[in-house]
file work.cif (mmCIF, C-alpha atoms)
data_work
loop_
_atom_site.label_atom_id
_atom_site.label_comp_id
_atom_site.auth_asym_id
_atom_site.auth_seq_id
_atom_site.Cartn_x
_atom_site.Cartn_y
_atom_site.Cartn_z
CA MET A 17 -6.72 49.83 33.43
CA VAL A 18 -4.30 48.08 31.18
CA GLN A 19 -2.91 44.68 31.89
CA ALA A 20 0.58 44.57 33.32
CA SER A 21 2.79 43.94 30.35
CA GLY A 22 5.87 41.79 30.19
CA PRO A 23 7.23 38.94 28.15
CA ARG A 24 4.36 36.72 27.05
CA VAL A 25 4.89 33.31 28.54
CA THR A 26 3.20 30.32 27.00
CA VAL A 27 2.82 27.62 29.61
CA LYS A 28 2.76 24.35 27.75
CA SER A 29 1.02 21.45 29.41
CA ASP A 30 3.08 18.31 29.90
CA PRO A 31 2.63 15.65 27.24
CA PRO A 32 0.21 12.99 28.47
CA LEU A 33 1.60 9.57 29.32
CA PHE A 34 -0.89 7.00 28.16
CA GLY A 35 -0.52 4.05 30.50
CA PRO A 36 -1.19 0.32 30.07
CA ARG A 37 -4.75 0.72 31.32
CA PHE A 38 -5.60 3.32 28.66
CA ASN A 39 -3.89 1.22 26.00
CA SER A 40 -5.89 -1.82 26.96
CA GLU A 41 -9.15 0.17 26.87
CA LEU A 42 -8.19 1.68 23.52
CA GLN A 43 -7.74 -1.84 22.16
CA GLN A 44 -11.23 -2.64 23.49
CA LEU A 45 -12.56 0.46 21.76
CA PHE A 46 -11.18 -0.71 18.41
CA ARG A 47 -12.62 -4.17 19.02
CA TRP A 48 -16.09 -2.97 20.02
CA ARG A 49 -16.49 -0.22 17.43
CA ARG A 50 -19.16 -1.36 15.00
CA ASP A 51 -21.01 -0.15 11.95
CA VAL A 52 -24.42 0.27 13.53
CA ARG A 53 -27.68 -0.13 11.61
CA ARG A 54 -30.08 -0.65 14.53
CA PHE A 55 -30.63 2.50 16.59
CA ARG A 56 -32.79 3.38 19.56
CA CYS A 57 -34.76 6.58 19.05
CA ASP A 58 -33.46 8.44 22.16
CA PRO A 59 -31.97 11.79 21.19
CA VAL A 60 -28.22 12.44 21.37
CA PRO A 61 -27.51 15.20 23.91
CA GLU A 62 -26.47 18.35 22.09
CA GLU A 63 -23.35 18.75 24.24
CA ALA A 64 -22.18 15.22 23.41
CA LEU A 65 -22.73 15.86 19.71
CA MET A 66 -20.64 19.04 19.85
CA GLU A 67 -17.82 17.15 21.58
CA LEU A 68 -17.95 14.50 18.86
CA LEU A 69 -17.77 17.15 16.14
CA GLU A 70 -14.77 18.67 17.93
CA ALA A 71 -13.15 15.21 17.94
CA ALA A 72 -13.75 14.95 14.18
CA HIS A 73 -12.15 18.37 13.77
CA THR A 74 -8.89 17.19 15.42
CA ALA A 75 -8.30 14.61 12.66
CA PRO A 76 -5.10 14.64 10.63
CA SER A 77 -5.35 16.46 7.30
CA VAL A 78 -2.95 16.87 4.42
CA GLY A 79 -1.09 20.18 4.79
CA ASN A 80 -3.40 20.95 7.74
CA SER A 81 -6.06 21.71 5.11
CA GLN A 82 -8.99 20.64 7.36
CA PRO A 83 -11.14 19.99 4.26
CA TRP A 84 -14.10 18.39 6.10
CA ARG A 85 -17.43 20.17 5.66
CA ILE A 86 -20.19 18.68 7.79
CA ILE A 87 -23.89 19.14 7.05
CA ARG A 88 -26.20 18.26 9.88
CA VAL A 89 -29.30 16.94 8.17
CA ALA A 90 -32.19 17.93 10.41
CA ASP A 91 -34.99 18.66 7.93
CA LEU A 92 -37.39 15.72 7.91
CA ALA A 93 -38.12 15.97 4.19
CA ASN A 94 -34.39 15.86 3.43
CA ARG A 95 -33.98 12.82 5.66
CA GLU A 96 -36.83 10.97 4.00
CA ALA A 97 -35.41 11.85 0.57
CA VAL A 98 -32.07 10.30 1.57
CA ALA A 99 -33.70 7.17 3.03
CA SER A 100 -35.85 6.58 -0.08
CA HIS A 101 -32.87 7.15 -2.35
CA VAL A 102 -30.72 4.65 -0.42
CA ASP A 103 -33.53 2.08 -0.50
CA ARG A 104 -33.64 2.39 -4.28
CA CYS A 105 -29.84 2.08 -4.62
CA ASN A 106 -29.91 -0.93 -2.34
CA ALA A 107 -32.61 -2.64 -4.41
CA ASP A 108 -30.42 -2.06 -7.49
CA ALA A 109 -27.35 -3.41 -5.67
CA ALA A 110 -29.23 -6.63 -4.83
CA HIS A 111 -29.40 -7.44 -8.55
CA LYS A 112 -25.65 -7.92 -8.58
CA TYR A 113 -26.21 -11.17 -6.72
CA GLU A 114 -28.08 -14.25 -7.88
CA GLY A 115 -30.21 -16.99 -6.34
CA ALA A 116 -29.43 -17.83 -2.71
CA GLU A 117 -26.79 -15.09 -2.44
CA GLN A 118 -29.34 -12.46 -3.54
CA GLU A 119 -31.75 -13.76 -0.92
CA GLU A 120 -28.98 -13.57 1.69
CA TYR A 121 -28.18 -10.00 0.59
CA ARG A 122 -31.80 -8.88 0.77
CA LYS A 123 -32.05 -10.07 4.38
CA LEU A 124 -29.23 -7.78 5.54
CA LYS A 125 -30.21 -4.55 7.27
CA LEU A 126 -27.76 -2.10 5.74
CA HIS A 127 -28.85 1.23 7.19
CA GLY A 128 -30.72 2.85 10.07
CA LEU A 129 -31.73 6.01 8.21
CA ARG A 130 -35.31 5.97 9.51
CA GLU A 131 -34.31 5.60 13.16
CA ALA A 132 -30.99 7.39 13.71
CA PRO A 133 -31.64 10.66 15.56
CA VAL A 134 -28.55 12.42 14.19
CA GLN A 135 -27.56 12.37 10.54
CA LEU A 136 -24.46 14.02 9.13
CA ALA A 137 -23.29 14.37 5.54
CA PHE A 138 -19.50 14.58 5.46
CA TYR A 139 -18.22 16.45 2.43
CA CYS A 140 -14.71 17.21 1.24
CA ASP A 141 -13.88 20.70 0.00
CA ARG A 142 -11.64 19.74 -2.94
CA ALA A 143 -10.26 23.25 -3.30
CA PRO A 144 -9.70 24.48 0.24
CA ASP A 145 -7.68 27.62 0.89
CA ALA A 146 -6.30 26.11 4.09
CA GLY A 147 -3.06 24.18 3.68
CA ARG A 148 -1.97 26.15 0.59
CA GLY A 149 -1.82 22.92 -1.47
CA LEU A 150 0.94 21.40 0.64
CA GLY A 151 1.37 17.61 0.45
CA ARG A 152 -1.26 16.88 -2.17
CA GLN A 153 0.33 17.72 -5.49
CA THR A 154 1.08 14.10 -6.37
CA MET A 155 -1.81 12.44 -4.49
CA ALA A 156 -4.87 14.68 -4.62
CA GLN A 157 -7.01 12.00 -2.93
CA THR A 158 -5.27 12.84 0.35
CA LEU A 159 -7.89 15.59 0.75
CA GLU A 160 -10.76 13.10 0.77
CA TRP A 161 -8.69 10.77 2.92
CA SER A 162 -8.44 13.52 5.54
CA VAL A 163 -12.24 13.62 5.69
CA VAL A 164 -12.29 9.83 6.13
CA MET A 165 -10.11 10.25 9.23
CA ALA A 166 -12.46 12.92 10.58
CA ILE A 167 -15.34 10.43 10.27
CA HIS A 168 -13.22 7.73 11.90
CA SER A 169 -12.32 10.04 14.80
CA LEU A 170 -16.00 10.80 15.36
CA TRP A 171 -16.75 7.06 15.12
CA LEU A 172 -14.31 6.17 17.90
CA ALA A 173 -15.30 9.10 20.11
CA ALA A 174 -18.96 8.12 19.67
CA ARG A 175 -18.37 4.51 20.65
CA ALA A 176 -16.43 5.64 23.72
CA ARG A 177 -19.59 7.48 24.82
CA GLY A 178 -21.83 4.47 24.20
CA LEU A 179 -23.09 5.90 20.89
CA GLY A 180 -23.08 4.02 17.60
CA LEU A 181 -22.30 5.19 14.08
CA GLY A 182 -23.35 3.75 10.73
CA TRP A 183 -21.69 4.79 7.46
CA VAL A 184 -24.10 4.65 4.53
CA SER A 185 -22.32 4.23 1.18
CA ILE A 186 -25.02 2.65 -0.99
CA LEU A 187 -26.06 5.91 -2.64
CA ASP A 188 -25.36 8.14 -5.59
CA PRO A 189 -23.42 11.19 -4.35
CA ALA A 190 -24.85 13.40 -7.14
CA THR A 191 -28.36 12.93 -5.73
CA LEU A 192 -27.28 14.18 -2.30
CA ASP A 193 -25.23 17.05 -3.77
CA LYS A 194 -28.39 18.28 -5.49
CA LEU A 195 -30.57 17.78 -2.42
CA PHE A 196 -28.20 19.77 -0.20
CA GLU A 197 -27.25 22.31 -2.91
CA VAL A 198 -23.55 22.01 -2.09
CA PRO A 199 -20.87 24.11 -3.81
CA SER A 200 -19.43 22.48 -6.93
CA ASP A 201 -16.04 21.94 -5.28
CA TRP A 202 -17.52 19.72 -2.59
CA GLY A 203 -17.51 15.93 -2.88
CA LEU A 204 -19.48 13.58 -0.65
CA VAL A 205 -17.40 11.19 1.46
CA GLY A 206 -19.90 9.63 3.85
CA TYR A 207 -23.48 9.89 4.99
CA ILE A 208 -23.44 9.13 8.68
CA CYS A 209 -26.14 7.88 11.06
CA LEU A 210 -25.55 8.46 14.76
CA GLY A 211 -27.46 7.42 17.86
CA TYR A 212 -27.63 4.94 20.71
CA PRO A 213 -27.32 1.40 19.35
CA MET A 214 -29.88 -1.33 20.14
CA GLU A 215 -27.03 -3.53 21.35
CA ALA A 216 -23.27 -3.59 21.85
CA GLU A 217 -21.31 -6.07 19.75
CA ASP A 218 -17.67 -7.06 19.40
CA GLN A 219 -18.27 -8.99 16.18
CA PRO A 220 -19.01 -7.28 12.86
CA GLU A 221 -22.59 -7.91 11.73
CA LEU A 222 -21.39 -9.24 8.36
CA GLU A 223 -19.14 -11.71 10.20
CA LYS A 224 -21.94 -12.81 12.51
CA LEU A 225 -24.26 -13.39 9.56
CA LYS A 226 -21.50 -15.35 7.77
CA TRP A 227 -21.26 -12.85 4.91
CA GLN A 228 -17.53 -12.33 5.45
CA GLN A 229 -15.12 -13.69 8.04
CA ARG A 230 -12.08 -11.96 9.50
CA LEU A 231 -8.85 -12.55 7.57
CA PRO A 232 -5.71 -13.77 9.37
CA LEU A 233 -3.01 -11.11 9.74
CA SER A 234 -0.70 -13.26 7.60
CA ASP A 235 -3.00 -12.64 4.58
CA ILE A 236 -2.40 -8.91 4.65
CA LEU A 237 1.22 -8.56 5.81
CA PHE A 238 4.23 -8.64 3.44
CA GLN A 239 7.89 -7.67 3.51
CA LYS A 240 10.18 -6.03 0.97
CA MET B 228 -4.87 -38.44 26.85
CA VAL B 229 -7.73 -36.66 25.18
CA GLN B 230 -9.39 -33.57 26.54
CA ALA B 231 -12.68 -34.06 28.31
CA SER B 232 -15.32 -33.30 25.73
CA GLY B 233 -18.67 -31.61 26.26
CA PRO B 234 -20.84 -28.94 24.69
CA ARG B 235 -18.67 -26.08 23.46
CA VAL B 236 -19.76 -22.98 25.27
CA THR B 237 -18.91 -19.54 23.91
CA VAL B 238 -18.78 -17.12 26.79
CA LYS B 239 -19.34 -13.62 25.46
CA SER B 240 -17.59 -10.92 27.40
CA ASP B 241 -19.69 -8.03 28.67
CA PRO B 242 -19.55 -4.89 26.54
CA PRO B 243 -16.99 -2.49 27.97
CA LEU B 244 -18.23 0.69 29.62
CA PHE B 245 -15.87 3.46 28.72
CA GLY B 246 -15.92 5.91 31.61
CA PRO B 247 -15.25 9.66 31.83
CA ARG B 248 -11.57 9.06 32.54
CA PHE B 249 -11.09 7.04 29.37
CA ASN B 250 -13.07 9.59 27.37
CA SER B 251 -10.93 12.40 28.65
CA GLU B 252 -7.73 10.49 27.80
CA LEU B 253 -9.11 9.67 24.34
CA GLN B 254 -9.67 13.37 23.76
CA GLN B 255 -6.04 13.96 24.81
CA LEU B 256 -4.96 11.26 22.37
CA PHE B 257 -6.71 13.04 19.48
CA ARG B 258 -5.17 16.32 20.59
CA TRP B 259 -1.61 15.00 20.93
CA ARG B 260 -1.55 12.82 17.81
CA ARG B 261 0.82 14.42 15.36
CA ASP B 262 2.28 13.87 11.92
CA VAL B 263 5.86 13.19 12.99
CA ARG B 264 8.87 13.98 10.83
CA ARG B 265 11.60 13.95 13.49
CA PHE B 266 12.37 10.49 14.82
CA ARG B 267 14.86 9.06 17.28
CA CYS B 268 16.69 6.04 15.94
CA ASP B 269 15.74 3.62 18.76
CA PRO B 270 14.14 0.49 17.35
CA VAL B 271 10.44 -0.22 17.85
CA PRO B 272 9.97 -3.43 19.88
CA GLU B 273 8.69 -6.18 17.60
CA GLU B 274 5.85 -7.03 19.98
CA ALA B 275 4.62 -3.42 19.99
CA LEU B 276 4.74 -3.32 16.20
CA MET B 277 2.65 -6.49 15.95
CA GLU B 278 0.07 -5.01 18.34
CA LEU B 279 -0.09 -1.89 16.18
CA LEU B 280 -0.63 -3.95 13.06
CA GLU B 281 -3.40 -5.84 14.85
CA ALA B 282 -4.97 -2.47 15.72
CA ALA B 283 -4.83 -1.46 12.04
CA HIS B 284 -6.49 -4.77 11.16
CA THR B 285 -9.53 -3.98 13.38
CA ALA B 286 -10.41 -0.91 11.27
CA PRO B 287 -13.83 -0.58 9.65
CA SER B 288 -13.99 -1.72 6.04
CA VAL B 289 -16.71 -1.61 3.43
CA GLY B 290 -18.55 -4.95 3.36
CA ASN B 291 -15.92 -6.24 5.82
CA SER B 292 -13.59 -6.44 2.80
CA GLN B 293 -10.41 -5.78 4.85
CA PRO B 294 -8.63 -4.53 1.71
CA TRP B 295 -5.46 -3.28 3.45
CA ARG B 296 -2.22 -4.89 2.29
CA ILE B 297 0.78 -3.82 4.33
CA ILE B 298 4.35 -4.07 3.09
CA ARG B 299 7.00 -3.73 5.76
CA VAL B 300 9.88 -2.06 3.99
CA ALA B 301 13.01 -3.43 5.63
CA ASP B 302 15.49 -3.65 2.75
CA LEU B 303 17.90 -0.73 3.01
CA ALA B 304 18.20 -0.24 -0.75
CA ASN B 305 14.40 -0.05 -1.02
CA ARG B 306 14.28 2.51 1.77
CA GLU B 307 16.94 4.68 0.18
CA ALA B 308 15.13 4.45 -3.17
CA VAL B 309 11.94 5.74 -1.50
CA ALA B 310 13.77 8.55 0.35
CA SER B 311 15.55 9.77 -2.83
CA HIS B 312 12.31 9.60 -4.79
CA VAL B 313 10.43 11.66 -2.17
CA ASP B 314 13.25 14.24 -2.09
CA ARG B 315 12.91 14.66 -5.87
CA CYS B 316 9.11 14.98 -5.67
CA ASN B 317 9.46 17.50 -2.88
CA ALA B 318 11.93 19.60 -4.88
CA ASP B 319 9.38 19.61 -7.75
CA ALA B 320 6.58 20.56 -5.34
CA ALA B 321 8.56 23.57 -4.12
CA HIS B 322 8.34 25.09 -7.61
CA LYS B 323 4.60 25.52 -7.12
CA TYR B 324 5.41 28.34 -4.72
CA GLU B 325 7.17 31.61 -5.47
CA GLY B 326 9.48 34.01 -3.66
CA ALA B 327 9.16 34.12 0.11
CA GLU B 328 6.53 31.36 0.14
CA GLN B 329 8.90 29.03 -1.73
CA GLU B 330 11.62 29.82 0.78
CA GLU B 331 9.18 29.10 3.61
CA TYR B 332 8.20 25.80 1.94
CA ARG B 333 11.81 24.70 1.49
CA LYS B 334 12.50 25.17 5.19
CA LEU B 335 9.79 22.68 6.21
CA LYS B 336 10.95 19.19 7.15
CA LEU B 337 8.29 17.07 5.48
CA HIS B 338 9.51 13.51 6.12
CA GLY B 339 11.67 11.38 8.39
CA LEU B 340 12.44 8.67 5.84
CA ARG B 341 16.14 8.51 6.70
CA GLU B 342 15.59 8.14 10.45
CA ALA B 343 12.33 6.25 11.03
CA PRO B 344 13.16 2.69 12.13
CA VAL B 345 9.91 1.19 10.80
CA GLN B 346 8.48 1.94 7.37
CA LEU B 347 5.23 0.54 6.05
CA ALA B 348 3.64 0.89 2.62
CA PHE B 349 -0.14 0.65 2.94
CA TYR B 350 -1.79 -0.61 -0.22
CA CYS B 351 -5.43 -1.17 -1.12
CA ASP B 352 -6.42 -4.37 -2.90
CA ARG B 353 -8.97 -2.90 -5.31
CA ALA B 354 -10.43 -6.29 -6.19
CA PRO B 355 -10.58 -8.19 -2.90
CA ASP B 356 -12.54 -11.42 -2.64
CA ALA B 357 -13.51 -10.58 0.93
CA GLY B 358 -16.76 -8.63 1.28
CA ARG B 359 -18.23 -9.96 -1.98
CA GLY B 360 -18.59 -6.42 -3.34
CA LEU B 361 -21.07 -5.35 -0.67
CA GLY B 362 -21.47 -1.59 -0.08
CA ARG B 363 -19.16 -0.35 -2.80
CA GLN B 364 -21.15 -0.55 -6.01
CA THR B 365 -21.96 3.17 -6.06
CA MET B 366 -18.86 4.46 -4.24
CA ALA B 367 -15.85 2.33 -5.18
CA GLN B 368 -13.50 4.64 -3.27
CA THR B 369 -14.84 3.16 -0.02
CA LEU B 370 -12.23 0.41 -0.47
CA GLU B 371 -9.35 2.90 -0.32
CA TRP B 372 -11.13 4.74 2.47
CA SER B 373 -11.10 1.53 4.52
CA VAL B 374 -7.31 1.46 4.20
CA VAL B 375 -7.16 5.09 5.35
CA MET B 376 -8.97 4.06 8.55
CA ALA B 377 -6.51 1.20 9.06
CA ILE B 378 -3.67 3.73 8.92
CA HIS B 379 -5.54 6.05 11.28
CA SER B 380 -6.11 3.19 13.77
CA LEU B 381 -2.40 2.41 13.73
CA TRP B 382 -1.66 6.11 14.13
CA LEU B 383 -3.74 6.44 17.30
CA ALA B 384 -2.52 3.13 18.76
CA ALA B 385 1.06 4.22 18.09
CA ARG B 386 0.64 7.58 19.82
CA ALA B 387 -0.94 5.84 22.82
CA ARG B 388 2.31 3.86 23.15
CA GLY B 389 4.50 6.96 22.87
CA LEU B 390 5.33 6.22 19.24
CA GLY B 391 4.97 8.69 16.39
CA LEU B 392 3.76 8.24 12.83
CA GLY B 393 4.44 10.30 9.72
CA TRP B 394 2.38 9.89 6.54
CA VAL B 395 4.43 10.63 3.43
CA SER B 396 2.28 11.66 0.44
CA ILE B 397 4.72 13.66 -1.68
CA LEU B 398 5.54 10.79 -4.03
CA ASP B 399 4.47 9.18 -7.28
CA PRO B 400 2.66 5.92 -6.43
CA ALA B 401 3.72 4.31 -9.73
CA THR B 402 7.38 4.53 -8.67
CA LEU B 403 6.69 2.63 -5.45
CA ASP B 404 4.44 0.07 -7.21
CA LYS B 405 7.37 -0.76 -9.48
CA LEU B 406 9.90 -0.84 -6.65
CA PHE B 407 7.81 -3.25 -4.60
CA GLU B 408 6.51 -5.21 -7.62
CA VAL B 409 2.94 -5.14 -6.32
CA PRO B 410 0.03 -6.89 -8.08
CA SER B 411 -1.73 -4.69 -10.65
CA ASP B 412 -4.91 -4.54 -8.54
CA TRP B 413 -3.10 -2.86 -5.66
CA GLY B 414 -3.10 0.91 -5.22
CA LEU B 415 -0.87 2.82 -2.81
CA VAL B 416 -2.65 4.72 -0.05
CA GLY B 417 0.13 5.82 2.27
CA TYR B 418 3.84 5.40 2.92
CA ILE B 419 4.22 5.43 6.68
CA CYS B 420 7.20 6.22 8.91
CA LEU B 421 7.04 4.93 12.47
CA GLY B 422 9.30 5.37 15.47
CA TYR B 423 9.83 7.25 18.71
CA PRO B 424 9.39 11.00 18.11
CA MET B 425 12.07 13.51 19.10
CA GLU B 426 9.41 15.42 21.04
CA ALA B 427 5.73 15.33 21.97
CA GLU B 428 3.58 18.14 20.63
CA ASP B 429 -0.06 19.15 20.90
CA GLN B 430 0.19 21.67 18.08
CA PRO B 431 0.49 20.64 14.41
CA GLU B 432 3.93 21.51 13.02
CA LEU B 433 2.35 23.45 10.14
CA GLU B 434 0.38 25.49 12.67
CA LYS B 435 3.45 26.15 14.81
CA LEU B 436 5.40 27.32 11.77
CA LYS B 437 2.48 29.57 10.73
CA TRP B 438 1.87 27.67 7.49
CA GLN B 439 -1.77 27.01 8.35
CA GLN B 440 -3.84 27.81 11.42
CA ARG B 441 -6.70 25.81 12.87
CA LEU B 442 -10.13 26.73 11.49
CA PRO B 443 -13.02 27.55 13.86
CA LEU B 444 -15.70 24.82 14.02
CA SER B 445 -18.21 27.32 12.62
CA ASP B 446 -16.29 27.32 9.29
CA ILE B 447 -16.94 23.65 8.71
CA LEU B 448 -20.41 23.05 10.18
CA PHE B 449 -23.67 23.57 8.25
CA GLN B 450 -27.30 22.57 8.57
CA LYS B 451 -29.92 21.43 6.05
#
call {"tool": "encode", "arguments": {"input": "work.cif", "output": "structure tokens"}}
result
Amino acid sequence: MVQASGPRVTVKSDPPLFGPRFNSELQQLFRWRRDVRRFRCDPVPEEALMELLEAAHTAPSVGNSQPWRIIRVADLANREAVASHVDRCNADAAHKYEGAEQEEYRKLKLHGLREAPVQLAFYCDRAPDAGRGLGRQTMAQTLEWSVVMAIHSLWLAARARGLGLGWVSILDPATLDKLFEVPSDWGLVGYICLGYPMEAEDQPELEKLKWQQRLPLSDILFQK
Amino acid sequence: MVQASGPRVTVKSDPPLFGPRFNSELQQLFRWRRDVRRFRCDPVPEEALMELLEAAHTAPSVGNSQPWRIIRVADLANREAVASHVDRCNADAAHKYEGAEQEEYRKLKLHGLREAPVQLAFYCDRAPDAGRGLGRQTMAQTLEWSVVMAIHSLWLAARARGLGLGWVSILDPATLDKLFEVPSDWGLVGYICLGYPMEAEDQPELEKLKWQQRLPLSDILFQK
């Protein structure tokens, strides 16, 4: 039996109207999103993780190039290699500071690589077919920036589900490229820890520990 | 009369619990966020704009460095200079394509610079005092990436209020640096158009016009 044919009608859903209640909760979401370094060990349900990856995949991208390539790092030897590498980079970074400031730096917990149940390496394909080069001839970095927005989408979606995300940047991308044997066109953007946080916080850890306070809006806003 | 004094008590608010309804609306927000190039001319209420800028200012930043510097471009001569510059860059970009593809490219409307009531240049201060260098010794681009997340926060907050945002990247940053006389440490990340969109859409314009389709999740997900 063939389907009755006729003009194909696409029924578009009505655009959503986001009301004051959603807007107020969205503001809360921005305010309570944190870079998490203290994770509980409970696993992240597989279904939730897939929804988060779908959220990442809705991010804006230059020319609709969708250049994010996500490696789920499950192998325990790979995870330990990343954690040891970051510990070494962090020890090196401490030497940038002197005296009391170095001591203060060393006390900071800057990653949860040994606890976070889910770990994702976000790469950028710097030569994607998708998008046909549109929009990035004068600013090639817009490809990497698209991947940053994919991470940020996942970050917000995670927090909305009570999950926490930590972005680890104290590492040498070349070491991870080699470990994961990525194609030469790929560039690392972020190594991401994901899991349930030990606690919820509305204040950045570096603010709480007096490393860096919030700037007033007037410091960052100009007019021309 | 002086206020009655006593121990200053900081009452911390309870962490918000984002329920299924919020999560479902957040998913809708990701799905209906668009890069907007067709704006109505209605002004954006000043109060809404300030709330959006506050949303941008809650974005994650490496070492809490808050490196975003936002120039509100209000001067009409400056706006016209940007629009003419982008038109020239876009005409150059068209030459990358040949024949039918060039024709297809030329038909795309890639910016709303002559209609958008609010225009913002997002810069990155590449040598901010804030953050004391933490987290960016091995990956200096994390500063610019923080600014990208500020733009993305504003983007989502705008859409939640029925506003649309368009990110213009077909331009030479040096031209805008000169126009706005920015400090030498500042680097342009995005030139942003903001206003009420002509229509709401859940499909990217470049997808609708068959420039680039959405990739399946399996194309971007790997395991190691």
call {"tool": "calpha_fit_rmsd", "arguments": {"input": "work.cif", "fixed": "chain A", "moving": "chain B"}}
result
0.7 Å
call {"tool": "residues_around", "arguments": {"input": "work.cif", "residues": "Trp161 (chain A)", "least_positions_apart": "4", "cutoff": "9 Å", "atoms": "only C-alpha atoms", "output": "VMD selection string"}}
result
(chain A and resid 77 to 78 140 157 165 to 166 205) or (chain B and resid 371 to 372 375 to 376)
call {"tool": "closest_residue", "arguments": {"input": "work.cif", "among": "A:Glu221, A:Glu67, A:Glu131, A:Asp188", "to": "chain B", "atoms": "all atoms listed in the file"}}
result
A:Asp188
call {"tool": "residues_around", "arguments": {"input": "work.cif", "residues": "Arg260 (chain B)", "least_positions_apart": "2", "cutoff": "7 Å", "atoms": "only C-alpha atoms", "output": "list in words"}}
result
Leu256, Phe257, Arg258, Leu383 and Arg386 of chain B
call {"tool": "residues_around", "arguments": {"input": "work.cif", "residues": "Leu150 (chain A)", "least_positions_apart": "2", "cutoff": "9 Å", "atoms": "all atoms listed in the file", "output": "list in words"}}
result
Val78, Gly79, Asn80, Ser81, Gly147, Arg148, Arg152 and Gln153 of chain A; Ala320, Tyr332 and Ile397 of chain B
call {"tool": "interface_residues", "arguments": {"input": "work.cif", "of": "chain A", "to": "chain B", "cutoff": "7 Å", "atoms": "all atoms listed in the file", "output": "ChimeraX atom specification"}}
result
/A:31,34,38-39,46-47,71,74,80,84-91,109,146-147,151-155,161,164-165,168,176-177,185-188,196,216,222,228,236-240
call {"tool": "atom_distance", "arguments": {"input": "work.cif", "atom1": "CA of Val263 (chain B)", "atom2": "CA of Arg353 (chain B)"}}
result
28.5 Å
call {"tool": "atom_distance", "arguments": {"input": "work.cif", "atom1": "CA of Gly414 (chain B)", "atom2": "CA of Val309 (chain B)"}}
result
16.2 Å
call {"tool": "resolve_selection", "arguments": {"input": "work.cif", "expression": "the PyMOL selection byres ((chain B and resi 391) around 6)", "output": "PyMOL selection string"}}
result
chain B and resi 263+386+390+392+421-424
call {"tool": "atom_distance", "arguments": {"input": "work.cif", "atom1": "CA of Cys209 (chain A)", "atom2": "CA of Leu129 (chain A)"}}
result
6.5 Å
call {"tool": "closest_residue", "arguments": {"input": "work.cif", "among": "B:Gly393, B:Pro355, B:Pro410, B:Gly339", "to": "Cys268 (chain B)", "atoms": "only C-alpha atoms"}}
result
B:Gly339
call {"tool": "build_atoms", "arguments": {"input": "work.cif", "residues": "region 114-126 of chain A", "atoms": "N, CA and C atoms", "output": "tab-separated table (two decimals), keeping the file's coordinate frame"}}
result
chain	number	residue	atom	x	y	z
A	114	GLU	N	-27.07	-13.34	-7.32
A	114	GLU	CA	-28.08	-14.25	-7.88
A	114	GLU	C	-28.51	-15.31	-6.88
A	115	GLY	N	-29.71	-15.83	-7.08
A	115	GLY	CA	-30.21	-16.99	-6.34
A	115	GLY	C	-30.12	-16.82	-4.83
A	116	ALA	N	-29.49	-17.80	-4.17
A	116	ALA	CA	-29.43	-17.83	-2.71
A	116	ALA	C	-28.66	-16.64	-2.16
A	117	GLU	N	-27.60	-16.21	-2.91
A	117	GLU	CA	-26.79	-15.09	-2.44
A	117	GLU	C	-27.62	-13.79	-2.47
A	118	GLN	N	-28.49	-13.65	-3.48
A	118	GLN	CA	-29.34	-12.46	-3.54
A	118	GLN	C	-30.32	-12.45	-2.36
A	119	GLU	N	-30.83	-13.64	-2.05
A	119	GLU	CA	-31.75	-13.76	-0.92
A	119	GLU	C	-31.03	-13.36	0.38
A	120	GLU	N	-29.81	-13.86	0.51
A	120	GLU	CA	-28.98	-13.57	1.69
A	120	GLU	C	-28.74	-12.05	1.77
A	121	TYR	N	-28.42	-11.44	0.63
A	121	TYR	CA	-28.18	-10.00	0.59
A	121	TYR	C	-29.42	-9.22	1.02
A	122	ARG	N	-30.57	-9.62	0.50
A	122	ARG	CA	-31.80	-8.88	0.77
A	122	ARG	C	-32.18	-8.91	2.25
A	123	LYS	N	-31.72	-9.95	2.95
A	123	LYS	CA	-32.05	-10.07	4.38
A	123	LYS	C	-31.22	-9.14	5.26
A	124	LEU	N	-30.11	-8.64	4.72
A	124	LEU	CA	-29.23	-7.78	5.54
A	124	LEU	C	-29.87	-6.42	5.77
A	125	LYS	N	-29.77	-5.93	7.01
A	125	LYS	CA	-30.21	-4.55	7.27
A	125	LYS	C	-28.97	-3.67	7.10
A	126	LEU	N	-28.98	-2.82	6.09
A	126	LEU	CA	-27.76	-2.10	5.74
A	126	LEU	C	-27.76	-0.63	6.15
